[in-house]
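A.B. asks: entry34.csv is reproduced below (CSV, C-alpha atoms).
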```
chain,number,residue,atom,x,y,z
A,24,MET,CA,0.0,0.0,0.0
A,25,PRO,CA,1.5,3.4,-0.9
A,26,ARG,CA,2.6,5.3,2.1
A,27,SER,CA,1.2,8.6,0.6
A,28,THR,CA,-2.3,7.3,1.2
A,29,ALA,CA,-1.9,7.7,4.9
A,30,SER,CA,-2.7,11.4,4.5
A,31,LEU,CA,-6.1,10.4,3.2
A,32,ALA,CA,-7.2,9.0,6.5
A,33,ALA,CA,-9.6,11.6,7.9
A,34,CYS,CA,-12.6,11.7,10.1
A,35,HIS,CA,-16.0,12.8,8.8
A,36,ALA,CA,-16.6,16.3,7.8
A,37,PRO,CA,-18.6,18.7,10.0
A,38,ARG,CA,-22.2,17.9,10.4
A,39,ARG,CA,-24.5,20.1,8.4
A,40,VAL,CA,-28.1,20.9,8.5
A,41,LEU,CA,-29.4,21.6,5.0
A,42,ASP,CA,-32.7,23.2,4.1
A,43,MET,CA,-33.8,23.2,0.5
A,44,GLY,CA,-31.8,25.6,-1.7
A,45,TYR,CA,-28.4,25.7,-0.2
A,46,VAL,CA,-24.9,25.2,-1.6
A,47,THR,CA,-21.4,25.2,0.0
A,48,SER,CA,-19.7,28.5,0.3
A,49,LEU,CA,-16.6,26.9,-1.1
A,50,PHE,CA,-17.7,27.6,-4.6
A,51,ALA,CA,-18.6,31.2,-3.9
A,52,ARG,CA,-15.2,31.9,-2.5
A,53,LYS,CA,-13.4,30.2,-5.3
A,54,VAL,CA,-15.4,32.1,-7.9
A,55,VAL,CA,-14.6,35.4,-6.3
A,56,ALA,CA,-10.9,34.5,-6.1
A,57,ALA,CA,-10.9,33.5,-9.8
A,58,ALA,CA,-12.7,36.8,-10.8
A,59,GLY,CA,-9.5,38.7,-9.8
A,60,GLU,CA,-9.1,42.4,-9.5
A,61,GLY,CA,-12.0,43.4,-11.7
A,62,ILE,CA,-14.4,43.1,-8.7
A,63,ASP,CA,-14.6,44.3,-5.1
A,64,ALA,CA,-14.2,40.9,-3.5
A,65,ALA,CA,-15.1,42.1,0.0
A,66,SER,CA,-18.3,43.7,-1.2
A,67,ILE,CA,-19.3,40.7,-3.4
A,68,LEU,CA,-18.7,38.2,-0.6
A,69,SER,CA,-20.6,40.5,1.8
A,70,SER,CA,-23.7,40.1,-0.4
A,71,ILE,CA,-24.0,36.5,0.6
A,72,GLY,CA,-22.9,36.9,4.2
A,73,LEU,CA,-19.2,36.0,3.9
A,74,THR,CA,-16.0,37.9,4.5
A,75,LEU,CA,-12.5,37.8,3.0
A,76,ASP,CA,-11.2,36.3,6.3
A,77,ASP,CA,-13.5,33.3,6.3
A,78,PRO,CA,-11.7,30.0,5.8
A,79,LEU,CA,-12.5,27.7,2.9
A,80,ASP,CA,-15.2,25.5,4.5
A,81,THR,CA,-17.5,23.1,2.6
A,82,GLY,CA,-19.7,23.0,5.7
A,83,LYS,CA,-20.6,26.7,5.6
A,84,MET,CA,-23.7,27.1,3.4
A,85,VAL,CA,-25.2,30.0,1.4
A,86,PRO,CA,-28.6,30.1,-0.2
A,87,ALA,CA,-28.4,29.0,-3.8
A,88,GLU,CA,-30.5,31.9,-5.1
A,89,ARG,CA,-28.1,34.4,-3.4
A,90,TYR,CA,-25.2,32.5,-4.9
A,91,TYR,CA,-26.7,32.9,-8.4
A,92,ASP,CA,-27.3,36.6,-7.6
A,93,MET,CA,-23.7,36.9,-6.7
A,94,LEU,CA,-22.6,35.4,-10.0
A,95,GLU,CA,-24.8,37.7,-11.9
A,96,MET,CA,-23.4,40.7,-9.9
A,97,ILE,CA,-19.9,39.6,-11.0
A,98,ALA,CA,-21.1,39.3,-14.6
A,99,GLU,CA,-22.2,43.0,-14.5
A,100,ARG,CA,-18.6,44.0,-13.7
A,101,ILE,CA,-16.3,41.7,-15.7
A,102,ASP,CA,-16.5,39.4,-18.7
A,103,VAL,CA,-17.4,36.0,-17.2
A,104,THR,CA,-17.1,33.9,-20.4
A,105,ASP,CA,-14.2,31.8,-19.1
A,106,LEU,CA,-14.8,32.4,-15.4
A,107,PRO,CA,-16.3,28.9,-14.8
A,108,VAL,CA,-13.3,27.1,-16.3
A,109,ARG,CA,-10.9,29.3,-14.4
A,110,THR,CA,-12.8,28.6,-11.2
A,111,GLY,CA,-12.9,24.9,-11.9
A,112,ALA,CA,-9.1,24.8,-12.5
A,113,SER,CA,-8.6,26.4,-9.0
A,114,MET,CA,-10.5,23.6,-7.2
A,115,TRP,CA,-8.5,21.2,-5.1
A,116,LEU,CA,-9.6,18.0,-3.5
A,117,ASP,CA,-8.2,19.1,-0.2
A,118,ASP,CA,-10.7,21.9,-0.2
A,119,TYR,CA,-13.6,19.4,-0.1
A,120,GLY,CA,-12.9,18.0,3.3
A,121,ALA,CA,-13.8,14.4,4.0
A,122,LEU,CA,-15.5,14.0,0.7
A,123,GLY,CA,-12.4,15.1,-1.1
A,124,LEU,CA,-10.4,12.6,0.9
A,125,ALA,CA,-12.9,9.8,0.0
A,126,PHE,CA,-12.6,10.8,-3.7
A,127,LYS,CA,-8.8,10.4,-3.5
A,128,ALA,CA,-9.0,7.1,-1.6
A,129,ALA,CA,-11.3,5.5,-4.1
A,130,THR,CA,-9.5,2.9,-6.2
A,131,THR,CA,-10.7,4.1,-9.6
A,132,LEU,CA,-12.1,7.3,-11.0
A,133,ARG,CA,-15.5,5.6,-11.5
A,134,ALA,CA,-15.5,4.8,-7.7
A,135,SER,CA,-14.4,8.4,-7.0
A,136,TYR,CA,-17.4,9.8,-9.0
A,137,ALA,CA,-19.7,7.3,-7.2
A,138,ARG,CA,-18.6,9.0,-3.9
A,139,VAL,CA,-19.9,12.3,-5.3
A,140,GLU,CA,-23.1,10.7,-6.5
A,141,ARG,CA,-23.7,9.3,-3.0
A,142,TYR,CA,-22.5,12.0,-0.7
A,143,ALA,CA,-23.0,15.3,-2.6
A,144,ARG,CA,-26.0,16.3,-0.5
A,145,LEU,CA,-23.6,16.8,2.4
A,146,TRP,CA,-22.7,20.1,0.7
A,147,THR,CA,-25.6,21.0,-1.6
A,148,SER,CA,-29.3,20.5,-1.5
A,149,VAL,CA,-29.9,21.7,-5.1
A,150,VAL,CA,-27.7,19.4,-7.1
A,151,GLU,CA,-27.9,15.6,-7.6
A,152,TYR,CA,-25.4,13.5,-9.5
A,153,GLU,CA,-25.8,10.2,-11.4
A,154,LEU,CA,-23.4,7.8,-13.1
A,155,GLN,CA,-25.2,6.4,-16.2
A,156,GLU,CA,-23.7,3.8,-18.5
A,157,THR,CA,-24.4,4.3,-22.3
A,158,THR,CA,-23.2,2.7,-25.5
A,159,GLU,CA,-20.8,5.6,-25.9
A,160,GLY,CA,-19.3,5.4,-22.5
A,161,THR,CA,-20.4,6.6,-19.0
A,162,LEU,CA,-22.1,9.9,-18.3
A,163,PHE,CA,-21.5,11.7,-15.0
A,164,ILE,CA,-24.8,13.7,-14.9
A,165,MET,CA,-25.5,16.8,-12.9
A,166,ARG,CA,-29.2,17.5,-12.2
A,167,ARG,CA,-30.3,20.9,-10.9
A,168,ALA,CA,-33.9,22.1,-11.0
A,169,GLY,CA,-34.9,25.6,-11.5
A,170,GLU,CA,-34.9,28.5,-14.0
A,171,ARG,CA,-31.8,28.5,-16.2
A,172,ARG,CA,-30.9,32.1,-15.3
A,173,LEU,CA,-27.4,33.4,-15.9
A,174,GLY,CA,-26.3,32.6,-12.3
A,175,MET,CA,-27.4,29.0,-12.6
A,176,ARG,CA,-25.8,28.6,-16.0
A,177,LEU,CA,-22.4,29.9,-14.7
A,178,SER,CA,-22.8,27.6,-11.7
A,179,ASN,CA,-23.4,24.6,-13.8
A,180,GLU,CA,-20.4,25.2,-16.0
A,181,THR,CA,-18.3,25.8,-12.9
A,182,THR,CA,-19.5,22.6,-11.3
A,183,LEU,CA,-18.6,20.4,-14.3
A,184,ALA,CA,-15.2,22.1,-14.7
A,185,SER,CA,-14.6,21.4,-11.0
A,186,ALA,CA,-15.6,17.7,-11.5
A,187,VAL,CA,-12.9,17.4,-14.2
A,188,SER,CA,-10.3,19.3,-12.2
A,189,ILE,CA,-10.5,17.1,-9.1
A,190,ALA,CA,-10.5,14.0,-11.4
A,191,ARG,CA,-7.3,15.1,-12.9
A,192,GLN,CA,-5.7,15.2,-9.4
A,193,VAL,CA,-6.2,11.4,-8.9
A,194,CYS,CA,-5.3,10.1,-12.4
A,195,ALA,CA,-1.9,8.8,-13.2
A,196,GLU,CA,-2.4,9.7,-16.9
A,197,PRO,CA,-3.7,12.9,-18.5
A,198,LEU,CA,-7.5,13.0,-18.3
A,199,THR,CA,-9.8,14.2,-21.0
A,200,PRO,CA,-13.6,13.6,-21.2
A,201,VAL,CA,-15.0,12.4,-24.5
A,202,GLU,CA,-17.5,15.3,-24.4
A,203,VAL,CA,-19.0,17.9,-22.1
A,204,LEU,CA,-22.7,18.6,-22.4
A,205,LEU,CA,-24.6,21.6,-21.1
A,206,ARG,CA,-28.3,22.3,-21.5
A,207,HIS,CA,-28.2,26.1,-21.8
A,208,PRO,CA,-27.1,28.0,-24.9
A,209,ALA,CA,-23.5,28.7,-25.5
A,210,PRO,CA,-21.8,31.9,-24.4
A,211,ARG,CA,-20.3,34.2,-27.0
A,212,SER,CA,-17.2,32.1,-27.2
A,213,ILE,CA,-16.5,28.5,-26.1
A,214,ALA,CA,-12.8,28.5,-27.0
A,215,ALA,CA,-11.7,28.7,-23.4
A,216,HIS,CA,-14.0,25.8,-22.5
A,217,GLU,CA,-12.8,23.5,-25.2
A,218,ASP,CA,-9.2,24.4,-24.6
A,219,TRP,CA,-9.5,23.6,-20.9
A,220,PHE,CA,-11.6,20.5,-21.1
A,221,GLY,CA,-9.6,19.3,-24.1
A,222,CYS,CA,-12.7,17.9,-25.8
A,223,PRO,CA,-15.8,19.1,-27.6
A,224,VAL,CA,-18.2,21.1,-25.4
A,225,ARG,CA,-21.8,20.8,-26.6
A,226,PHE,CA,-24.3,23.5,-25.5
A,227,GLY,CA,-28.0,23.1,-25.9
A,228,ALA,CA,-27.8,19.4,-25.0
A,229,HIS,CA,-30.6,17.5,-23.3
A,230,LEU,CA,-28.7,17.3,-20.0
A,231,ASP,CA,-25.7,18.6,-18.1
A,232,ALA,CA,-23.0,16.0,-18.0
A,233,LEU,CA,-19.5,14.7,-18.6
A,234,LEU,CA,-19.1,11.8,-21.0
A,235,TYR,CA,-16.1,9.5,-20.3
A,236,ALA,CA,-14.7,6.5,-22.0
A,237,ASP,CA,-15.2,3.5,-19.8
A,238,GLU,CA,-11.5,2.7,-19.8
A,239,THR,CA,-10.8,6.2,-18.5
A,240,LEU,CA,-13.1,5.7,-15.5
A,241,ASP,CA,-11.7,2.3,-14.8
A,242,ARG,CA,-8.0,3.2,-14.5
A,243,PRO,CA,-6.5,2.9,-11.0
A,244,ASN,CA,-6.3,6.1,-9.0
A,245,ILE,CA,-2.8,7.1,-8.0
A,246,LEU,CA,-3.7,7.3,-4.3
A,247,GLY,CA,-6.5,4.7,-4.2
A,248,ASP,CA,-6.7,2.6,-1.1
A,249,GLU,CA,-9.8,0.4,-0.4
A,250,GLY,CA,-9.2,0.2,3.3
A,251,ILE,CA,-9.0,3.9,3.9
A,252,SER,CA,-11.8,4.5,1.5
A,253,ARG,CA,-14.1,2.2,3.5
A,254,TYR,CA,-13.1,4.0,6.7
A,255,LEU,CA,-14.0,7.4,5.2
A,256,MET,CA,-17.3,6.1,3.8
A,257,THR,CA,-18.3,4.8,7.1
A,258,HIS,CA,-18.1,8.3,8.6
A,259,LEU,CA,-19.7,9.9,5.6
A,260,ASP,CA,-22.6,7.4,5.9
A,261,ALA,CA,-22.9,8.4,9.5
A,262,GLU,CA,-23.1,12.0,8.6
A,263,LEU,CA,-25.7,11.3,6.0
A,264,SER,CA,-27.8,9.6,8.6
A,265,GLU,CA,-27.3,12.4,11.1
A,266,ILE,CA,-25.9,10.0,13.6
A,267,THR,CA,-23.0,12.2,14.5
A,268,HIS,CA,-23.6,15.0,17.0
A,269,GLU,CA,-20.1,16.1,17.8
A,270,PRO,CA,-19.3,19.8,17.7
A,271,GLU,CA,-17.8,21.1,14.4
A,272,LEU,CA,-14.5,22.0,16.0
A,273,ILE,CA,-14.0,18.5,17.3
A,274,GLU,CA,-14.7,16.9,13.9
A,275,ARG,CA,-12.4,19.3,12.1
A,276,ALA,CA,-9.7,18.7,14.7
A,277,LYS,CA,-10.0,14.9,14.3
A,278,ALA,CA,-9.8,15.2,10.5
A,279,ALA,CA,-6.6,17.3,10.8
A,280,ILE,CA,-5.1,14.8,13.3
A,281,ALA,CA,-5.9,11.9,11.0
A,282,GLN,CA,-4.3,13.5,8.0
A,283,SER,CA,-1.1,14.2,10.0
A,284,LEU,CA,-0.5,10.7,11.4
A,285,SER,CA,1.6,9.4,8.6
A,286,ASP,CA,4.3,11.8,9.8
A,287,GLY,CA,3.9,10.7,13.4
A,288,VAL,CA,1.7,12.0,16.2
A,289,PRO,CA,1.1,15.7,15.6
A,290,LYS,CA,1.6,18.4,18.2
A,291,MET,CA,-1.2,20.5,19.5
A,292,PRO,CA,0.1,23.8,18.1
A,293,GLU,CA,0.3,22.3,14.6
A,294,ILE,CA,-3.3,21.2,14.7
A,295,ALA,CA,-4.4,24.4,16.2
A,296,HIS,CA,-2.6,26.4,13.5
A,297,SER,CA,-4.3,24.2,10.8
A,298,LEU,CA,-7.7,25.2,12.3
A,299,GLY,CA,-6.8,28.9,12.4
A,300,LEU,CA,-6.5,29.0,16.2
A,301,SER,CA,-3.8,29.7,18.7
A,302,ALA,CA,-2.7,26.7,20.9
A,303,ARG,CA,-4.2,28.5,23.9
A,304,SER,CA,-7.6,29.0,22.2
A,305,PHE,CA,-7.7,25.5,20.9
A,306,HIS,CA,-7.0,24.1,24.4
A,307,ARG,CA,-9.7,26.3,25.8
A,308,ARG,CA,-12.3,25.3,23.3
A,309,LEU,CA,-11.5,21.6,23.7
A,310,SER,CA,-11.9,22.0,27.4
A,311,GLU,CA,-15.3,23.5,26.8
A,312,HIS,CA,-16.3,20.2,25.2
A,313,GLY,CA,-14.8,18.2,28.1
A,314,MET,CA,-11.8,17.0,26.0
A,315,ASN,CA,-8.1,17.5,25.8
A,316,PHE,CA,-5.7,17.1,22.9
A,317,GLN,CA,-4.4,13.7,24.1
A,318,SER,CA,-7.8,12.2,24.4
A,319,LEU,CA,-8.9,13.6,21.0
A,320,THR,CA,-5.7,12.2,19.4
A,321,ASP,CA,-6.3,8.7,21.0
A,322,GLU,CA,-9.9,8.7,19.9
A,323,THR,CA,-8.9,9.6,16.3
A,324,ARG,CA,-6.1,6.9,16.2
A,325,ARG,CA,-8.4,4.3,17.6
A,326,GLY,CA,-11.1,5.0,15.1
A,327,LEU,CA,-8.7,4.8,12.2
A,328,ALA,CA,-7.1,1.7,13.5
A,329,GLU,CA,-10.4,-0.1,13.9
A,330,GLY,CA,-11.4,0.8,10.4
A,331,LEU,CA,-8.2,-0.4,8.9
A,332,LEU,CA,-8.2,-3.7,10.9
A,333,ARG,CA,-11.5,-4.6,9.2
A,334,ASP,CA,-9.6,-4.9,5.9
A,335,ALA,CA,-7.4,-8.0,6.0
A,336,ARG,CA,-5.1,-6.8,3.2
A,337,HIS,CA,-3.4,-4.3,5.6
A,338,SER,CA,-0.7,-5.8,7.7
A,339,LEU,CA,-0.5,-4.8,11.4
A,340,THR,CA,2.8,-3.1,10.6
A,341,GLU,CA,1.1,-1.0,7.9
A,342,ILE,CA,-1.7,-0.1,10.2
A,343,ALA,CA,0.8,0.9,12.9
A,344,PHE,CA,2.4,3.3,10.5
A,345,LEU,CA,-0.9,4.7,9.3
A,346,THR,CA,-1.9,5.5,12.8
A,347,GLY,CA,1.3,7.2,13.8
A,348,PHE,CA,3.3,4.5,15.5
A,349,SER,CA,7.0,3.9,14.6
A,350,GLU,CA,6.8,0.3,15.9
A,351,GLN,CA,4.2,-2.4,15.8
A,352,SER,CA,4.7,-3.3,19.4
A,353,SER,CA,3.8,0.3,20.5
A,354,PHE,CA,0.7,0.1,18.4
A,355,THR,CA,-0.3,-3.2,20.0
A,356,ARG,CA,0.1,-1.8,23.5
A,357,ALA,CA,-1.9,1.3,22.7
A,358,PHE,CA,-4.7,-0.6,20.9
A,359,LYS,CA,-5.0,-3.0,23.8
A,360,ARG,CA,-5.4,0.0,26.1
A,361,TRP,CA,-8.1,1.5,23.9
A,362,ALA,CA,-10.1,-1.6,23.0
A,363,GLY,CA,-9.2,-4.1,25.7
A,364,THR,CA,-7.8,-6.6,23.2
A,365,THR,CA,-4.9,-6.9,20.8
A,366,PRO,CA,-5.2,-5.7,17.1
A,367,ALA,CA,-4.8,-9.3,16.0
A,368,ASN,CA,-7.6,-10.5,18.2
A,369,TYR,CA,-9.8,-7.6,17.2
A,370,ARG,CA,-9.3,-8.5,13.5
A,371,LYS,CA,-10.3,-12.1,14.2
A,372,ASP,CA,-13.4,-11.1,16.1
A,373,MET,CA,-14.5,-8.8,13.2
A,374,ALA,CA,-13.9,-11.5,10.7
A,375,HIS,CA,-16.3,-13.8,12.5
A,376,ARG,CA,-19.1,-11.3,12.7
```
Would you mind giving the structure from this file in C-alpha cells?

C.D. replies:
Amino acid sequence: MPRSTASLAACHAPRRVLDMGYVTSLFARKVVAAAGEGIDAASILSSIGLTLDDPLDTGKMVPAERYYDMLEMIAERIDVTDLPVRTGASMWLDDYGALGLAFKAATTLRASYARVERYARLWTSVVEYELQETTEGTLFIMRRAGERRLGMRLSNETTLASAVSIARQVCAEPLTPVEVLLRHPAPRSIAAHEDWFGCPVRFGAHLDALLYADETLDRPNILGDEGISRYLMTHLDAELSEITHEPELIERAKAAIAQSLSDGVPKMPEIAHSLGLSARSFHRRLSEHGMNFQSLTDETRRGLAEGLLRDARHSLTEIAFLTGFSEQSSFTRAFKRWAGTTPANYRKDMAHR
C-alpha cells in the first residue's frame, strides 16, 4: 500500500443541516478569487454573508439563489465567459474536506465519482449526480432544477469544470472527457471551455453531464486505497444519517489529526494552526467540550485503527504506520489500552461477525 495514502485517513466532515436551496460557500469563495481584481471581492462576498477572512469550508452554506445573484453581480462587472473554467481549475480535492479525501482514496475514477453521486448532498441541496452507462461510455450527470438564469448557467459550467479538475488530481495519466454537455445556450465564445476540457463542449444538449470513455473511468487512481476508502465512507454514511452530533470543532480537529498521522503524532500547536486557532484558544475550546488534545488524538487513532483492521489486506505493521506509530509493538500496546484486546484478536473477532 502506498505510504502517501496515509494522508487520506480523515474523520468525517462537520455535520451540516441543509434546508432546501443551499450550496457550499466553497464555490462562492473560489469564484470570487478567480474573478480577480476586476471586482470588489469584499463587497461581493458580503452580499452572501461572507468575509474575506472566512476560511474555505464546505460546511458553511449559502442560499443557492443568493449565490446565483452573486454570480450575476460579477457578470455585471467583468467578462465571465471563461470564469467557470478558471474557477474549476482552481478547485483542489483538499478543499472538499472528508468527501475530497474519499474521492482520493477510491480505487478508480469511477469509484471516485460514485462517492460524489452518493454524498454530494452533504454540501448541496440543489444538485444531484448520477453515473449512467451508455453505449458511448459513461455519463456523469448533474441534475439541478430551476430557472436557467445566468447565475445557474455559470454555476453549472463551474461545477462540471470542477468535477474534471478534481478527477485530474487522482489520475496517473492525462485526463480528458469524451465530451462535455450543457443544457443552456453557448456563451459568445466556447474556445476557453474546449481548450481547458480538451474535448468538444456541446451546449443546448438534453442534459448537463461529462461523458467519459469506460477505460478512462476504470483506470486505477494514484492514491486509491480500499481500506482507507471504507473507513472514510463509514463516517460519511454516519453524517448522512445524522448520527454524529459532535461539535464542528471536534470533527475538524479529528480530521486534521488523522491527516497528519503518517508523519507521526502531531503536536497540538500544529493542529491548532491548521484550524486557524492559537494553541491556547484550541486548548480552551477543547476543554469547553470536556476534552483535551491527548484524548482527542487517541480517539482519532483508535477509530482509524479499527477501520483499517477490518480490511485483511493491511498488515499490522502498515496499520501501525498509518496510525502514527513507529513500531508495531507500540501500536499493539496502545490498541489494547483502547479496546481491551490486541489488534490481531480484534481483527479475528471482526472476521467472524

A.B. asks: Could you jot down the atom CA of A:Asn368 to atom CA of A:Gln282 separation for me, Å, one decimal place?

C.D. replies: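 The value is 26.3 Å.
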
A.B. asks: Determine, counting all atoms listed in the file, which protein, DNA and RNA residues have an atom within 8 Å of an atom of A:His229; residues of the same chain fewer than 2 positions away are not included. Present the result as an MDAnalysis selection string.

C.D. replies: chainID A and resid 205:206 227 231

A.B. asks: Can you work out the spacing between atom CA of A:Gly72 and atom CA of A:Met93 in Å, to one decimal?

C.D. replies: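 Computed distance, atom CA of A:Gly72 to atom CA of A:Met93, equals 10.9 Å.
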
A.B. asks: Which neighbours of A:Glu170 fall inside 12 Å, counting all atoms listed in the file, when residues of the same chain fewer than 6 positions from it are skipped, and could you give them as a list in words?

C.D. replies: Glu88, Tyr91, Arg176, Arg206 and His207 of chain A

A.B. asks: Using all atoms listed in the file, pick whichever of A:Pro107, A:Gly250, A:Gly221, A:Pro210 has the shortest atom-to-atom distance to A:Asn179.

C.D. replies: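 For A:Asn179, the nearest of the candidates is A:Pro107.
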
A.B. asks: Measuring atom to atom with all atoms listed in the file, identify which of A:Arg166, A:Arg324, A:Arg191, A:Lys127 is nearest to A:Glu249.

C.D. replies: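 The answer is A:Lys127, which sits nearest to A:Glu249.
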
A.B. asks: Considering all atoms listed in the file, state which residue in the set A:Lys53, A:Arg333, A:Arg89, A:His216 is at the smallest distance from A:Ala367.

C.D. replies: A:Arg333

A.B. asks: What's the separation between atom CA of A:Ala168 and atom CA of A:Thr257, in Å to one decimal place?

C.D. replies: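 Taking atom CA of A:Ala168 as the start and atom CA of A:Thr257 as the end point, the length is 29.5 Å.
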
A.B. asks: In the coordinates of the file, take the point (-23.4, 9.1, -19.9) and a cut-off of 12 Å; then, counting all atoms listed in the file, name each qualifying protein, DNA or RNA residue as a CSV table (one decimal) with C-alpha atoms, in the frame of the given file.

C.D. replies:
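part.csv, written as the output of this step:
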```csv
chain,number,residue,atom,x,y,z
A,152,TYR,CA,-25.4,13.5,-9.5
A,153,GLU,CA,-25.8,10.2,-11.4
A,154,LEU,CA,-23.4,7.8,-13.1
A,155,GLN,CA,-25.2,6.4,-16.2
A,156,GLU,CA,-23.7,3.8,-18.5
A,157,THR,CA,-24.4,4.3,-22.3
A,158,THR,CA,-23.2,2.7,-25.5
A,159,GLU,CA,-20.8,5.6,-25.9
A,160,GLY,CA,-19.3,5.4,-22.5
A,161,THR,CA,-20.4,6.6,-19.0
A,162,LEU,CA,-22.1,9.9,-18.3
A,163,PHE,CA,-21.5,11.7,-15.0
A,164,ILE,CA,-24.8,13.7,-14.9
A,165,MET,CA,-25.5,16.8,-12.9
A,200,PRO,CA,-13.6,13.6,-21.2
A,201,VAL,CA,-15.0,12.4,-24.5
A,202,GLU,CA,-17.5,15.3,-24.4
A,203,VAL,CA,-19.0,17.9,-22.1
A,204,LEU,CA,-22.7,18.6,-22.4
A,229,HIS,CA,-30.6,17.5,-23.3
A,230,LEU,CA,-28.7,17.3,-20.0
A,231,ASP,CA,-25.7,18.6,-18.1
A,232,ALA,CA,-23.0,16.0,-18.0
A,233,LEU,CA,-19.5,14.7,-18.6
A,234,LEU,CA,-19.1,11.8,-21.0
A,235,TYR,CA,-16.1,9.5,-20.3
A,236,ALA,CA,-14.7,6.5,-22.0
A,237,ASP,CA,-15.2,3.5,-19.8
A,240,LEU,CA,-13.1,5.7,-15.5
```

A.B. asks: Pick out the residues sitting within 8 Å of A:Val55, and hand them over as a ChimeraX atom specification; count all atoms listed in the file, and ignore anything fewer than 5 positions along from it in its own chain.

C.D. replies: /A:64,67-68

A.B. asks: Measuring atom to atom with only C-alpha atoms, identify which of A:Leu122, A:Asp63, A:Lys290, A:Gly44 is nearest to A:Glu140.

C.D. replies: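 Closest to A:Glu140 of all the choices is A:Leu122.
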
A.B. asks: Considering all atoms listed in the file, state which residue in the set A:Pro289, A:Gly347, A:Gly82, A:Gly61 is at the smallest distance from A:Gly120.

C.D. replies: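 Of the candidates, the smallest distance to A:Gly120 is held by A:Gly82.
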
A.B. asks: Using all atoms listed in the file, find each residue of stretch 158-223 of chain A with at least one atom at most 12 Å away from an atom of stretch 46-50 of chain A; report its shortest atom-to-atom pair and that distance in Å (one decimal), sort the rows by chain and rising residue number, and return the result as CSV.

C.D. replies:
```
residue,atom,partner,partner_atom,distance
A:Arg167,CA,A:Val46,CA,11.6
A:Met175,CA,A:Val46,CA,11.9
A:Leu177,CA,A:Phe50,CA,11.4
A:Ser178,CA,A:Phe50,CA,8.7
A:Asn179,CA,A:Phe50,CA,11.2
A:Glu180,CA,A:Phe50,CA,12.0
A:Thr181,CA,A:Phe50,CA,8.5
A:Thr182,CA,A:Phe50,CA,8.6
A:Ala184,CA,A:Phe50,CA,11.8
A:Ser185,CA,A:Phe50,CA,9.4
```

A.B. asks: Output C-alpha atoms for every residue in the selection just made, as a PDB file, in the frame of the given file.

C.D. replies:
```
ATOM      1  CA  ARG A 167     -30.300  20.900 -10.900  1.00  0.00           C
ATOM      2  CA  MET A 175     -27.400  29.000 -12.600  1.00  0.00           C
ATOM      3  CA  LEU A 177     -22.400  29.900 -14.700  1.00  0.00           C
ATOM      4  CA  SER A 178     -22.800  27.600 -11.700  1.00  0.00           C
ATOM      5  CA  ASN A 179     -23.400  24.600 -13.800  1.00  0.00           C
ATOM      6  CA  GLU A 180     -20.400  25.200 -16.000  1.00  0.00           C
ATOM      7  CA  THR A 181     -18.300  25.800 -12.900  1.00  0.00           C
ATOM      8  CA  THR A 182     -19.500  22.600 -11.300  1.00  0.00           C
ATOM      9  CA  ALA A 184     -15.200  22.100 -14.700  1.00  0.00           C
ATOM     10  CA  SER A 185     -14.600  21.400 -11.000  1.00  0.00           C
TER      11      SER A 185
END
```

A.B. asks: Which polymer residues have any atom within 10 Å of an atom of A:His306, counting all atoms listed in the file, with same-chain residues fewer than 5 positions away left out, as number ranges by chain?

C.D. replies: A: 291-292, 295, 300-301, 311, 314-316

A.B. asks: Show me the residues around (-4.4, 1.9, -9.1) - criterion: an atom at most 10 Å away, only C-alpha atoms counted - as a VMD selection string.

C.D. replies: chain A and resid 129 to 132 193 to 195 241 to 248

A.B. asks: Which one is closest to A:Ala137: A:Val187, A:Leu116, A:Ala125, A:Leu327? Count all atoms listed in the file.

C.D. replies: A:Ala125

A.B. asks: Would you mind completing stretch 310-321 of chain A to N, CA and C atoms and writing the output as a compact mmCIF listing (two decimals), in the frame of the given file?

C.D. replies:
```txt
# COMPACT_ATOMS: atom_id res chain seq x y z
N SER A 310 -11.50 22.12 26.03
CA SER A 310 -11.90 22.00 27.40
C SER A 310 -13.42 22.28 27.57
N GLU A 311 -13.92 23.20 26.77
CA GLU A 311 -15.30 23.50 26.80
C GLU A 311 -16.21 22.31 26.43
N HIS A 312 -15.61 21.41 25.65
CA HIS A 312 -16.30 20.20 25.20
C HIS A 312 -15.90 18.99 26.08
N GLY A 313 -15.22 19.24 27.19
CA GLY A 313 -14.80 18.20 28.10
C GLY A 313 -13.73 17.27 27.52
N MET A 314 -12.87 17.83 26.66
CA MET A 314 -11.80 17.00 26.00
C MET A 314 -10.49 17.72 26.17
N ASN A 315 -9.43 16.94 25.97
CA ASN A 315 -8.10 17.50 25.80
C ASN A 315 -7.47 16.94 24.57
N PHE A 316 -6.33 17.48 24.19
CA PHE A 316 -5.70 17.10 22.90
C PHE A 316 -5.32 15.63 22.90
N GLN A 317 -4.81 15.13 24.02
CA GLN A 317 -4.40 13.70 24.10
C GLN A 317 -5.55 12.77 23.86
N SER A 318 -6.66 13.04 24.54
CA SER A 318 -7.80 12.20 24.40
C SER A 318 -8.39 12.23 22.99
N LEU A 319 -8.37 13.42 22.41
CA LEU A 319 -8.90 13.60 21.00
C LEU A 319 -7.98 12.81 20.06
N THR A 320 -6.68 12.88 20.25
CA THR A 320 -5.70 12.20 19.40
C THR A 320 -5.93 10.66 19.51
N ASP A 321 -6.05 10.19 20.75
CA ASP A 321 -6.30 8.70 21.00
C ASP A 321 -7.55 8.27 20.31
```
